[in-house]
file input-v5.txt (compact mmCIF, C-alpha atoms)
# COMPACT_ATOMS: atom_id res chain seq x y z
CA MET G 1 -149.88 -49.45 -20.11
CA ASN G 2 -150.19 -51.78 -17.12
CA LYS G 3 -153.39 -53.74 -16.78
CA GLY G 4 -155.51 -53.23 -13.68
CA LYS G 5 -155.80 -55.90 -11.00
CA LEU G 6 -158.97 -57.74 -10.04
CA PHE G 7 -159.78 -58.01 -6.32
CA ILE G 8 -162.43 -60.28 -4.84
CA LEU G 9 -163.97 -59.29 -1.51
CA SER G 10 -166.02 -61.87 0.38
CA GLY G 11 -167.18 -62.37 3.93
CA PRO G 12 -170.18 -63.78 5.74
CA SER G 13 -173.15 -61.80 6.96
CA GLY G 14 -171.97 -60.31 10.26
CA SER G 15 -168.41 -59.72 9.05
CA GLY G 16 -169.09 -56.06 8.34
CA LYS G 17 -167.88 -56.52 4.79
CA ASP G 18 -170.29 -53.94 3.31
CA THR G 19 -169.11 -51.16 5.63
CA VAL G 20 -165.46 -52.00 5.04
CA LEU G 21 -166.00 -51.97 1.27
CA LYS G 22 -167.71 -48.58 1.41
CA GLN G 23 -164.78 -47.12 3.37
CA VAL G 24 -162.24 -48.65 1.01
CA LEU G 25 -163.98 -47.12 -2.01
CA ASN G 26 -164.16 -43.78 -0.20
CA LYS G 27 -160.47 -43.73 0.60
CA ASP G 28 -158.94 -45.34 -2.48
CA LYS G 29 -160.29 -43.53 -5.53
CA ASN G 30 -158.23 -45.67 -7.92
CA VAL G 31 -160.25 -48.81 -7.43
CA MET G 32 -163.65 -49.31 -9.07
CA LEU G 33 -166.55 -51.38 -7.73
CA SER G 34 -168.03 -53.83 -10.23
CA ILE G 35 -171.80 -53.40 -10.50
CA SER G 36 -173.65 -56.73 -10.27
CA SER G 37 -176.66 -57.54 -12.42
CA ILE G 38 -179.52 -59.05 -10.41
CA THR G 39 -183.11 -60.08 -11.00
CA ARG G 40 -184.64 -59.44 -7.60
CA GLN G 41 -186.87 -56.45 -6.86
CA MET G 42 -185.22 -53.18 -5.90
CA ARG G 43 -185.45 -52.58 -2.15
CA GLU G 44 -186.13 -49.32 -0.36
CA GLY G 45 -183.01 -47.19 -0.22
CA GLU G 46 -181.36 -48.91 -3.17
CA VAL G 47 -180.39 -46.90 -6.24
CA ALA G 48 -180.30 -48.58 -9.66
CA GLY G 49 -176.73 -48.70 -10.98
CA GLU G 50 -175.11 -47.92 -7.62
CA LYS G 51 -174.34 -51.40 -6.44
CA TYR G 52 -176.72 -53.38 -8.65
CA ASN G 53 -178.27 -53.19 -12.08
CA PHE G 54 -181.82 -54.52 -11.84
CA ILE G 55 -182.64 -56.57 -14.92
CA THR G 56 -185.29 -59.11 -15.94
CA ARG G 57 -184.90 -62.89 -15.80
CA GLU G 58 -185.03 -62.94 -19.58
CA GLN G 59 -182.22 -60.42 -19.89
CA PHE G 60 -180.17 -62.37 -17.33
CA GLU G 61 -180.67 -65.70 -19.08
CA ASN G 62 -179.65 -64.04 -22.32
CA MET G 63 -176.38 -63.00 -20.66
CA ILE G 64 -175.82 -66.57 -19.45
CA ASN G 65 -176.48 -68.02 -22.89
CA ASN G 66 -174.13 -65.55 -24.58
CA ASP G 67 -171.35 -66.08 -22.03
CA LEU G 68 -171.47 -62.44 -20.96
CA LEU G 69 -170.99 -63.12 -17.23
CA LEU G 70 -167.80 -63.70 -15.23
CA GLU G 71 -169.77 -65.54 -12.54
CA TYR G 72 -173.35 -65.97 -11.43
CA ASN G 73 -175.41 -67.59 -8.72
CA VAL G 74 -179.03 -68.26 -7.87
CA PHE G 75 -180.11 -67.12 -4.42
CA VAL G 76 -183.70 -67.48 -3.14
CA GLY G 77 -184.93 -67.87 -6.72
CA ASN G 78 -183.12 -64.80 -8.09
CA TYR G 79 -180.05 -64.49 -10.29
CA TYR G 80 -176.97 -62.54 -9.18
CA GLY G 81 -174.02 -62.10 -11.53
CA THR G 82 -171.01 -60.10 -12.66
CA PRO G 83 -171.12 -58.82 -16.26
CA LYS G 84 -167.87 -59.47 -18.05
CA ALA G 85 -167.56 -56.41 -20.32
CA PRO G 86 -167.23 -53.54 -17.80
CA VAL G 87 -164.71 -55.48 -15.70
CA GLU G 88 -162.51 -56.35 -18.68
CA GLN G 89 -162.74 -52.83 -20.04
CA ALA G 90 -161.64 -51.31 -16.72
CA LEU G 91 -158.76 -53.78 -16.29
CA ASN G 92 -157.56 -53.08 -19.84
CA ASN G 93 -157.60 -49.36 -19.05
CA GLY G 94 -155.34 -49.98 -16.05
CA THR G 95 -158.08 -49.53 -13.44
CA ASP G 96 -158.21 -51.88 -10.45
CA VAL G 97 -161.60 -53.50 -9.95
CA ILE G 98 -163.17 -54.92 -6.81
CA LEU G 99 -165.90 -57.57 -6.87
CA GLU G 100 -168.07 -58.10 -3.81
CA ILE G 101 -169.18 -61.71 -4.21
CA ASP G 102 -169.73 -64.83 -2.14
CA VAL G 103 -167.52 -67.92 -1.83
CA ASN G 104 -169.17 -69.62 -4.82
CA GLY G 105 -168.77 -66.60 -7.08
CA ALA G 106 -165.17 -66.25 -5.92
CA LYS G 107 -164.48 -69.84 -6.94
CA GLN G 108 -165.87 -69.21 -10.44
CA ILE G 109 -163.75 -66.06 -10.82
CA ARG G 110 -160.54 -67.82 -9.71
CA GLU G 111 -161.08 -70.45 -12.38
CA LYS G 112 -161.53 -67.85 -15.12
CA MET G 113 -159.06 -65.25 -13.87
CA PRO G 114 -156.34 -66.94 -11.84
CA ASP G 115 -154.53 -63.61 -11.30
CA ALA G 116 -157.42 -62.27 -9.21
CA ILE G 117 -156.48 -61.48 -5.62
CA SER G 118 -159.06 -62.64 -3.09
CA ILE G 119 -159.70 -61.18 0.35
CA PHE G 120 -161.94 -62.70 3.01
CA ILE G 121 -163.34 -60.47 5.77
CA MET G 122 -163.62 -62.34 9.08
CA PRO G 123 -165.54 -61.47 12.22
CA PRO G 124 -163.07 -61.17 15.14
CA SER G 125 -164.63 -64.02 17.14
CA PHE G 126 -167.54 -66.40 17.28
CA SER G 127 -169.26 -64.49 20.09
CA GLU G 128 -168.94 -61.20 18.21
CA LEU G 129 -170.37 -62.84 15.07
CA LYS G 130 -173.32 -64.13 17.10
CA ASN G 131 -173.87 -60.67 18.60
CA ARG G 132 -173.87 -59.04 15.18
CA LEU G 133 -176.25 -61.63 13.69
CA CYS G 134 -178.73 -61.27 16.54
CA GLY G 135 -179.24 -57.73 15.21
CA ARG G 136 -181.91 -55.83 17.06
CA GLY G 137 -183.10 -58.93 18.84
CA THR G 138 -186.40 -59.03 16.95
CA GLU G 139 -185.71 -62.24 15.02
CA SER G 140 -186.55 -65.75 16.19
CA GLU G 141 -183.83 -68.10 17.37
CA GLU G 142 -184.44 -70.17 14.24
CA VAL G 143 -183.69 -67.27 11.89
CA ILE G 144 -180.55 -66.41 13.87
CA ASN G 145 -179.35 -70.01 13.80
CA GLN G 146 -179.90 -70.14 10.04
CA ARG G 147 -177.77 -67.01 9.60
CA LEU G 148 -175.12 -68.42 11.92
CA ASN G 149 -174.95 -71.68 9.99
CA SER G 150 -174.71 -69.89 6.68
CA ALA G 151 -171.88 -67.68 8.06
CA LEU G 152 -170.15 -70.80 9.41
CA ASN G 153 -170.30 -72.45 6.00
CA GLU G 154 -168.66 -69.43 4.39
CA ILE G 155 -165.94 -69.20 7.06
CA LYS G 156 -165.11 -72.87 6.44
CA ARG G 157 -164.10 -71.84 2.94
CA ALA G 158 -161.97 -68.85 4.01
CA ASN G 159 -158.90 -71.00 3.30
CA GLU G 160 -159.61 -70.64 -0.43
CA TYR G 161 -158.61 -66.95 -0.17
CA ASP G 162 -155.23 -65.22 -0.56
CA TYR G 163 -155.72 -62.83 2.34
CA ILE G 164 -157.76 -62.86 5.56
CA VAL G 165 -158.69 -59.52 7.12
CA VAL G 166 -160.20 -59.58 10.59
CA ASN G 167 -162.81 -56.87 11.07
CA ASP G 168 -162.30 -56.00 14.72
CA LEU G 169 -162.50 -52.27 14.03
CA ILE G 170 -163.77 -50.87 10.72
CA GLU G 171 -160.79 -48.47 10.47
CA ASN G 172 -158.26 -51.29 10.91
CA ALA G 173 -160.00 -53.59 8.47
CA THR G 174 -160.28 -50.76 5.92
CA ALA G 175 -156.60 -49.86 6.26
CA ASN G 176 -155.66 -53.51 5.87
CA VAL G 177 -157.70 -53.99 2.70
CA ILE G 178 -156.15 -50.82 1.28
CA SER G 179 -152.66 -52.15 2.19
CA ILE G 180 -153.35 -55.28 0.19
CA ILE G 181 -154.58 -53.35 -2.85
CA GLN G 182 -151.67 -50.91 -2.65
CA SER G 183 -149.01 -53.59 -2.22
CA GLU G 184 -150.32 -55.41 -5.29
CA ARG G 185 -149.72 -52.20 -7.25
CA LEU G 186 -146.07 -52.25 -6.18
CA ARG G 187 -145.38 -55.71 -7.59
CA LEU G 188 -142.53 -55.93 -10.07
CA GLN G 189 -144.88 -56.71 -12.94
CA ARG G 190 -146.63 -53.34 -12.59
CA GLN G 191 -143.46 -51.36 -11.98
CA LYS G 192 -141.37 -52.45 -14.95
CA GLU G 193 -142.07 -49.18 -16.72
CA ILE G 194 -140.28 -47.11 -14.06
CA ILE G 195 -137.22 -49.39 -14.21
CA ASN G 196 -137.10 -49.11 -18.00
CA GLU G 197 -137.62 -45.38 -17.81
CA VAL G 198 -134.63 -44.81 -15.50
CA LEU G 199 -132.40 -47.18 -17.48
CA LYS G 200 -133.41 -45.67 -20.82
CA ASN G 201 -132.38 -42.22 -19.62
CA VAL G 202 -129.08 -43.53 -18.33
CA GLU G 203 -128.26 -44.99 -21.73
CA SER G 204 -129.22 -41.89 -23.66
CA SER G 205 -127.13 -39.70 -21.33
CA ASN G 206 -124.10 -41.94 -21.81
CA ARG G 207 -124.11 -41.43 -25.55
CA MET S 1 -147.45 -69.77 16.65
CA ASN S 2 -146.91 -68.28 13.20
CA LYS S 3 -143.36 -67.82 11.99
CA GLY S 4 -142.17 -64.31 11.17
CA LYS S 5 -141.50 -63.21 7.61
CA LEU S 6 -138.15 -62.20 6.18
CA PHE S 7 -138.01 -58.98 4.14
CA ILE S 8 -135.08 -57.91 1.98
CA LEU S 9 -134.62 -54.20 1.31
CA SER S 10 -132.21 -53.12 -1.43
CA GLY S 11 -131.64 -50.03 -3.51
CA PRO S 12 -128.74 -48.17 -5.04
CA SER S 13 -126.91 -45.29 -3.47
CA GLY S 14 -129.10 -42.26 -4.22
CA SER S 15 -132.37 -44.20 -3.80
CA GLY S 16 -132.85 -42.89 -0.25
CA LYS S 17 -133.12 -46.45 1.03
CA ASP S 18 -131.48 -45.70 4.40
CA THR S 19 -133.92 -42.90 5.25
CA VAL S 20 -136.91 -44.99 4.17
CA LEU S 21 -135.70 -47.91 6.28
CA LYS S 22 -135.28 -45.68 9.34
CA GLN S 23 -138.85 -44.38 8.95
CA VAL S 24 -140.24 -47.87 8.45
CA LEU S 25 -138.57 -49.10 11.65
CA ASN S 26 -139.85 -46.02 13.50
CA LYS S 27 -143.44 -46.57 12.40
CA ASP S 28 -143.72 -50.35 12.40
CA LYS S 29 -142.52 -51.60 15.77
CA ASN S 30 -143.26 -55.22 14.86
CA VAL S 31 -140.43 -55.57 12.41
CA MET S 32 -136.81 -56.02 13.51
CA LEU S 33 -133.69 -54.90 11.64
CA SER S 34 -131.05 -57.58 11.23
CA ILE S 35 -127.64 -56.35 12.44
CA SER S 36 -124.89 -57.07 9.91
CA SER S 37 -121.44 -58.20 10.95
CA ILE S 38 -118.68 -56.28 9.18
CA THR S 39 -114.90 -56.04 9.33
CA ARG S 40 -114.37 -52.41 8.34
CA GLN S 41 -113.43 -49.70 10.84
CA MET S 42 -116.22 -47.97 12.72
CA ARG S 43 -116.95 -44.52 11.26
CA GLU S 44 -117.75 -41.34 13.11
CA GLY S 45 -121.38 -41.28 14.19
CA GLU S 46 -121.76 -45.08 14.03
CA VAL S 47 -122.75 -47.01 17.14
CA ALA S 48 -121.62 -50.62 17.56
CA GLY S 49 -124.60 -52.96 17.51
CA GLU S 50 -127.02 -50.40 16.07
CA LYS S 51 -126.77 -51.27 12.41
CA TYR S 52 -123.49 -53.19 12.39
CA ASN S 53 -121.46 -55.41 14.67
CA PHE S 54 -117.79 -54.61 14.12
CA ILE S 55 -115.76 -57.83 14.21
CA THR S 56 -112.27 -58.94 13.14
CA ARG S 57 -111.41 -60.67 9.87
CA GLU S 58 -110.56 -63.78 11.86
CA GLN S 59 -113.94 -63.81 13.56
CA PHE S 60 -115.66 -63.26 10.22
CA GLU S 61 -113.76 -66.05 8.48
CA ASN S 62 -114.63 -68.33 11.38
CA MET S 63 -118.31 -67.58 10.75
CA ILE S 64 -117.88 -68.37 7.05
CA ASN S 65 -116.14 -71.66 7.79
CA ASN S 66 -118.80 -72.72 10.29
CA ASP S 67 -121.69 -71.78 7.96
CA LEU S 68 -122.98 -69.20 10.44
CA LEU S 69 -123.91 -66.60 7.82
CA LEU S 70 -127.02 -66.27 5.68
CA GLU S 71 -125.10 -64.24 3.10
CA TYR S 72 -121.88 -62.30 2.82
CA ASN S 73 -119.94 -60.14 0.44
CA VAL S 74 -116.55 -58.52 0.13
CA PHE S 75 -116.58 -54.78 -0.55
CA VAL S 76 -113.41 -52.70 -0.87
CA GLY S 77 -111.45 -55.43 0.94
CA ASN S 78 -113.88 -55.76 3.88
CA TYR S 79 -116.39 -58.47 4.71
CA TYR S 80 -120.10 -57.68 5.16
CA GLY S 81 -122.51 -60.42 6.21
CA THR S 82 -125.76 -61.44 7.89
CA PRO S 83 -125.38 -63.79 10.88
CA LYS S 84 -127.84 -66.67 10.67
CA ALA S 85 -128.73 -67.25 14.34
CA PRO S 86 -130.46 -63.97 15.32
CA VAL S 87 -132.54 -63.95 12.12
CA GLU S 88 -133.71 -67.55 12.55
CA GLN S 89 -134.43 -67.00 16.24
CA ALA S 90 -136.56 -63.91 15.53
CA LEU S 91 -138.48 -65.64 12.71
CA ASN S 92 -139.16 -68.66 14.93
CA ASN S 93 -140.49 -66.30 17.61
CA GLY S 94 -142.96 -64.86 15.08
CA THR S 95 -141.07 -61.60 14.58
CA ASP S 96 -140.74 -60.13 11.10
CA VAL S 97 -137.16 -59.34 10.13
CA ILE S 98 -135.81 -56.86 7.60
CA LEU S 99 -132.39 -57.20 5.95
CA GLU S 100 -130.78 -54.21 4.28
CA ILE S 101 -128.48 -55.79 1.73
CA ASP S 102 -127.33 -55.32 -1.85
CA VAL S 103 -128.40 -57.20 -4.98
CA ASN S 104 -125.76 -59.91 -4.49
CA GLY S 105 -126.69 -60.54 -0.86
CA ALA S 106 -130.36 -60.61 -1.87
CA LYS S 107 -129.61 -63.31 -4.43
CA GLN S 108 -127.89 -65.47 -1.79
CA ILE S 109 -130.82 -65.04 0.61
CA ARG S 110 -133.40 -65.98 -2.03
CA GLU S 111 -131.54 -69.22 -2.68
CA LYS S 112 -131.47 -70.17 1.01
CA MET S 113 -134.85 -68.74 2.02
CA PRO S 114 -137.17 -68.74 -0.97
CA ASP S 115 -140.05 -67.39 1.16
CA ALA S 116 -138.21 -64.09 1.70
CA ILE S 117 -140.02 -61.07 0.27
CA SER S 118 -137.73 -58.66 -1.56
CA ILE S 119 -138.28 -54.94 -2.04
CA PHE S 120 -136.21 -52.68 -4.28
CA ILE S 121 -136.16 -48.93 -3.63
CA MET S 122 -135.92 -46.94 -6.87
CA PRO S 123 -135.05 -43.31 -7.45
CA PRO S 124 -137.97 -41.58 -9.22
CA SER S 125 -135.94 -40.72 -12.34
CA PHE S 126 -132.49 -40.72 -13.81
CA SER S 127 -132.06 -36.97 -13.41
CA GLU S 128 -133.09 -37.13 -9.74
CA LEU S 129 -130.64 -40.00 -9.17
CA LYS S 130 -127.87 -37.92 -10.75
CA ASN S 131 -128.78 -34.92 -8.57
CA ARG S 132 -128.69 -37.01 -5.41
CA LEU S 133 -125.36 -38.60 -6.30
CA CYS S 134 -123.74 -35.26 -7.02
CA GLY S 135 -124.22 -34.60 -3.33
CA ARG S 136 -122.69 -31.35 -2.16
CA GLY S 137 -120.92 -30.87 -5.45
CA THR S 138 -117.50 -31.42 -3.88
CA GLU S 139 -116.68 -34.69 -5.66
CA SER S 140 -114.95 -35.04 -9.02
CA GLU S 141 -116.89 -36.02 -12.11
CA GLU S 142 -115.04 -39.33 -12.07
CA VAL S 143 -116.27 -40.24 -8.58
CA ILE S 144 -119.82 -39.23 -9.51
CA ASN S 145 -119.71 -41.32 -12.69
CA GLN S 146 -118.46 -44.30 -10.71
CA ARG S 147 -121.39 -43.96 -8.30
CA LEU S 148 -123.80 -43.54 -11.20
CA ASN S 149 -122.51 -46.68 -12.92
CA SER S 150 -122.71 -48.68 -9.74
CA ALA S 151 -126.31 -47.46 -9.17
CA LEU S 152 -127.14 -48.33 -12.77
CA ASN S 153 -125.81 -51.85 -12.33
CA GLU S 154 -128.02 -52.36 -9.29
CA ILE S 155 -131.11 -50.96 -11.03
CA LYS S 156 -130.52 -53.39 -13.90
CA ARG S 157 -131.15 -56.17 -11.39
CA ALA S 158 -134.30 -54.64 -9.88
CA ASN S 159 -136.29 -57.21 -11.87
CA GLU S 160 -135.07 -59.91 -9.45
CA TYR S 161 -137.27 -58.34 -6.74
CA ASP S 162 -140.88 -59.00 -5.74
CA TYR S 163 -141.77 -55.35 -5.22
CA ILE S 164 -140.49 -52.03 -6.56
CA VAL S 165 -141.05 -48.92 -4.45
CA VAL S 166 -140.28 -45.57 -6.05
CA ASN S 167 -138.87 -43.09 -3.57
CA ASP S 168 -140.31 -39.85 -4.87
CA LEU S 169 -141.25 -38.66 -1.38
CA ILE S 170 -139.90 -40.32 1.77
CA GLU S 171 -143.41 -40.44 3.31
CA ASN S 172 -144.90 -42.20 0.27
CA ALA S 173 -142.07 -44.68 -0.01
CA THR S 174 -142.26 -45.41 3.73
CA ALA S 175 -146.02 -45.93 3.59
CA ASN S 176 -145.61 -48.23 0.60
CA VAL S 177 -142.97 -50.40 2.26
CA ILE S 178 -145.18 -50.64 5.36
CA SER S 179 -148.14 -51.65 3.12
CA ILE S 180 -146.08 -54.50 1.71
CA ILE S 181 -145.01 -55.72 5.16
CA GLN S 182 -148.54 -55.40 6.52
CA SER S 183 -150.20 -57.16 3.57
CA GLU S 184 -147.80 -60.10 3.94
CA ARG S 185 -149.05 -60.46 7.53
CA LEU S 186 -152.61 -60.80 6.22
CA ARG S 187 -151.84 -63.76 3.99
CA LEU S 188 -153.92 -66.87 4.58
CA GLN S 189 -150.95 -68.82 5.90
CA ARG S 190 -150.53 -66.43 8.83
CA GLN S 191 -154.22 -66.06 9.55
CA LYS S 192 -155.24 -69.71 9.84
CA GLU S 193 -155.36 -69.45 13.62
CA ILE S 194 -158.19 -66.92 13.57
CA ILE S 195 -160.22 -69.09 11.18
CA ASN S 196 -159.73 -72.14 13.40
CA GLU S 197 -160.53 -70.13 16.49
CA VAL S 198 -163.90 -68.95 15.17
CA LEU S 199 -164.81 -72.41 13.84
CA LYS S 200 -163.76 -74.17 17.04
CA ASN S 201 -166.07 -71.94 19.05
CA VAL S 202 -168.92 -72.58 16.66
CA GLU S 203 -168.56 -76.31 17.07
CA SER S 204 -168.36 -76.23 20.84
CA SER S 205 -171.45 -74.00 21.01
CA ASN S 206 -173.42 -76.45 18.87
CA ARG S 207 -172.88 -79.28 21.30

call {"tool": "encode", "arguments": {"input": "input-v5.txt", "output": "structure tokens"}}
result
Amino acid sequence: MNKGKLFILSGPSGSGKDTVLKQVLNKDKNVMLSISSITRQMREGEVAGEKYNFITREQFENMINNDLLLEYNVFVGNYYGTPKAPVEQALNNGTDVILEIDVNGAKQIREKMPDAISIFIMPPSFSELKNRLCGRGTESEEVINQRLNSALNEIKRANEYDYIVVNDLIENATANVISIIQSERLRLQRQKEIINEVLKNVESSNR
Amino acid sequence: MNKGKLFILSGPSGSGKDTVLKQVLNKDKNVMLSISSITRQMREGEVAGEKYNFITREQFENMINNDLLLEYNVFVGNYYGTPKAPVEQALNNGTDVILEIDVNGAKQIREKMPDAISIFIMPPSFSELKNRLCGRGTESEEVINQRLNSALNEIKRANEYDYIVVNDLIENATANVISIIQSERLRLQRQKEIINEVLKNVESSNR
């Protein structure tokens, strides 16, 4: 059986990455989202096990010490990471897996799994990024500038990615991410079975 | 400006490659078919300049001698080849180009243009291939076996290709070829402009 493929999805705040990811998972039922383990408090509207598993610092540090994570980061004093076992299990079963992680996590994954395909979601322009980060206009200029700088720092590292998808319209960006996933499934490596199958039958019919 | 990408489409007789190609060109208006130059007689229903330019042996041999072809082959005593100039012009103008050629032509192209992306169209099974090659049932068993052997010899070389697309249903195969073309457009190399554009604006707004 063919192994699944690992996809990394990154993009700064304001890129619309979350919405695109949701649409991709809705439309392509053959790709599985990896659930991150995190130590921060659950927020209103979040469901345990949907996008995150909420675990204690002690549990997380245990995972670090036992090398049970594919990547992890500390953000505002909390741990965020990708548990190794479910990802490897899915890939071994032939299921494609998508990781939603930041540029630092992506770098760690590429080192451990060089076959991973990475996709960066870009805002269509600087002015549109600024518009999106201003949100409902209730935040101070300082907060907005912080967000803008953080987005800028991520975009500077977009050139570490295999593919760049511009999120001008959610539908376009979704279709483009799905194209990338689908085309990776059509690579020779994953299609050898069909070639062998046709050739095998030819030989047996010639006998 | 970004250069266009060269795509090679191959597949044995009975793979449905011609129909898939027609659909792809209908649906993706940003990819151009390369017109082959050939020396055989025009057949009923063919239009000069649509898929082929019909030229004389002398003209063709002149092109060979002046290195004006990307690839060429002899088939049943006639020359078939891909003129270099229109392909290079289109690629330099940022247009994607598709070549419909056989496994030998594909090999020549890969040597000259290693960036070319090659796609092999496969019949879904041996029995379906046999059905398709039997056609209207008017040909002798010998003719059918010849076709089958020739198809088999092409399929044996499918592993020289980047992507394998199984033509079970024309619509699926068409969508899959379009996914491959589209995903190649999203590669980092062709998206650097958008990254630079967003970053440039950020810098100028910080001044």

call {"tool": "atom_distance", "arguments": {"input": "input-v5.txt", "atom1": "CA of Pro123 (chain G)", "atom2": "CA of Val166 (chain G)"}}
result
5.9 Å

call {"tool": "interface_residues", "arguments": {"input": "input-v5.txt", "of": "chain G", "to": "chain S", "cutoff": "9 Å", "atoms": "all atoms listed in the file", "output": "MDAnalysis selection string"}}
result
chainID G and resid 122:127 129 148 152 155:156 158:166 176:192 194:202

call {"tool": "residues_around", "arguments": {"input": "input-v5.txt", "residues": "Ile109 (chain S)", "least_positions_apart": "6", "cutoff": "9 Å", "atoms": "all atoms listed in the file", "output": "PyMOL selection string"}}
result
chain S and resi 8+70-71+116

call {"tool": "residues_around", "arguments": {"input": "input-v5.txt", "residues": "Leu99 (chain G)", "least_positions_apart": "4", "cutoff": "12 Å", "atoms": "only C-alpha atoms", "output": "VMD selection string"}}
result
chain G and resid 5 to 11 17 to 18 21 25 31 to 36 51 to 52 70 to 71 81 to 84 86 to 87 103 105 to 106 109 to 110 116 to 120

call {"tool": "atom_distance", "arguments": {"input": "input-v5.txt", "atom1": "CA of Val97 (chain G)", "atom2": "CA of Val76 (chain G)"}}
result
27.0 Å

call {"tool": "atom_distance", "arguments": {"input": "input-v5.txt", "atom1": "CA of Asn53 (chain S)", "atom2": "CA of Thr39 (chain S)"}}
result
8.5 Å

call {"tool": "closest_residue", "arguments": {"input": "input-v5.txt", "among": "S:Asn66, S:Thr19, S:Ser13, S:Asn145", "to": "Leu169 (chain S)", "atoms": "all atoms listed in the file"}}
result
S:Thr19

call {"tool": "build_atoms", "arguments": {"input": "input-v5.txt", "residues": "region 46-62 of chain S", "atoms": "N, CA and C atoms", "output": "PDB file, keeping the file's coordinate frame"}}
result
ATOM      1  N   GLU S  46    -121.216 -43.708  13.966  1.00  0.00           N
ATOM      2  CA  GLU S  46    -121.760 -45.080  14.030  1.00  0.00           C
ATOM      3  C   GLU S  46    -121.713 -45.595  15.474  1.00  0.00           C
ATOM      4  N   VAL S  47    -122.690 -46.419  15.801  1.00  0.00           N
ATOM      5  CA  VAL S  47    -122.750 -47.010  17.140  1.00  0.00           C
ATOM      6  C   VAL S  47    -122.674 -48.527  16.966  1.00  0.00           C
ATOM      7  N   ALA S  48    -121.759 -49.160  17.685  1.00  0.00           N
ATOM      8  CA  ALA S  48    -121.620 -50.620  17.560  1.00  0.00           C
ATOM      9  C   ALA S  48    -122.927 -51.281  17.972  1.00  0.00           C
ATOM     10  N   GLY S  49    -123.392 -52.224  17.161  1.00  0.00           N
ATOM     11  CA  GLY S  49    -124.600 -52.960  17.510  1.00  0.00           C
ATOM     12  C   GLY S  49    -125.892 -52.295  17.062  1.00  0.00           C
ATOM     13  N   GLU S  50    -125.796 -51.076  16.511  1.00  0.00           N
ATOM     14  CA  GLU S  50    -127.020 -50.400  16.070  1.00  0.00           C
ATOM     15  C   GLU S  50    -127.438 -50.916  14.698  1.00  0.00           C
ATOM     16  N   LYS S  51    -126.501 -50.776  13.759  1.00  0.00           N
ATOM     17  CA  LYS S  51    -126.770 -51.270  12.410  1.00  0.00           C
ATOM     18  C   LYS S  51    -125.768 -52.364  12.060  1.00  0.00           C
ATOM     19  N   TYR S  52    -124.571 -52.239  12.649  1.00  0.00           N
ATOM     20  CA  TYR S  52    -123.490 -53.190  12.390  1.00  0.00           C
ATOM     21  C   TYR S  52    -122.869 -53.686  13.684  1.00  0.00           C
ATOM     22  N   ASN S  53    -122.410 -54.939  13.671  1.00  0.00           N
ATOM     23  CA  ASN S  53    -121.460 -55.410  14.670  1.00  0.00           C
ATOM     24  C   ASN S  53    -120.087 -55.393  14.025  1.00  0.00           C
ATOM     25  N   PHE S  54    -119.133 -54.729  14.683  1.00  0.00           N
ATOM     26  CA  PHE S  54    -117.790 -54.610  14.120  1.00  0.00           C
ATOM     27  C   PHE S  54    -116.937 -55.756  14.654  1.00  0.00           C
ATOM     28  N   ILE S  55    -116.536 -56.666  13.776  1.00  0.00           N
ATOM     29  CA  ILE S  55    -115.760 -57.830  14.210  1.00  0.00           C
ATOM     30  C   ILE S  55    -114.463 -57.917  13.401  1.00  0.00           C
ATOM     31  N   THR S  56    -113.561 -58.815  13.834  1.00  0.00           N
ATOM     32  CA  THR S  56    -112.270 -58.940  13.140  1.00  0.00           C
ATOM     33  C   THR S  56    -112.416 -59.861  11.916  1.00  0.00           C
ATOM     34  N   ARG S  57    -111.441 -59.776  11.031  1.00  0.00           N
ATOM     35  CA  ARG S  57    -111.410 -60.670   9.870  1.00  0.00           C
ATOM     36  C   ARG S  57    -111.420 -62.128  10.316  1.00  0.00           C
ATOM     37  N   GLU S  58    -110.662 -62.403  11.381  1.00  0.00           N
ATOM     38  CA  GLU S  58    -110.560 -63.780  11.860  1.00  0.00           C
ATOM     39  C   GLU S  58    -111.939 -64.282  12.334  1.00  0.00           C
ATOM     40  N   GLN S  59    -112.593 -63.448  13.096  1.00  0.00           N
ATOM     41  CA  GLN S  59    -113.940 -63.810  13.560  1.00  0.00           C
ATOM     42  C   GLN S  59    -114.882 -64.048  12.383  1.00  0.00           C
ATOM     43  N   PHE S  60    -114.768 -63.152  11.380  1.00  0.00           N
ATOM     44  CA  PHE S  60    -115.660 -63.260  10.220  1.00  0.00           C
ATOM     45  C   PHE S  60    -115.380 -64.556   9.460  1.00  0.00           C
ATOM     46  N   GLU S  61    -114.109 -64.841   9.251  1.00  0.00           N
ATOM     47  CA  GLU S  61    -113.760 -66.050   8.480  1.00  0.00           C
ATOM     48  C   GLU S  61    -114.158 -67.321   9.237  1.00  0.00           C
ATOM     49  N   ASN S  62    -114.117 -67.243  10.551  1.00  0.00           N
ATOM     50  CA  ASN S  62    -114.630 -68.330  11.380  1.00  0.00           C
ATOM     51  C   ASN S  62    -116.123 -68.568  11.129  1.00  0.00           C
TER      52      ASN S  62
END
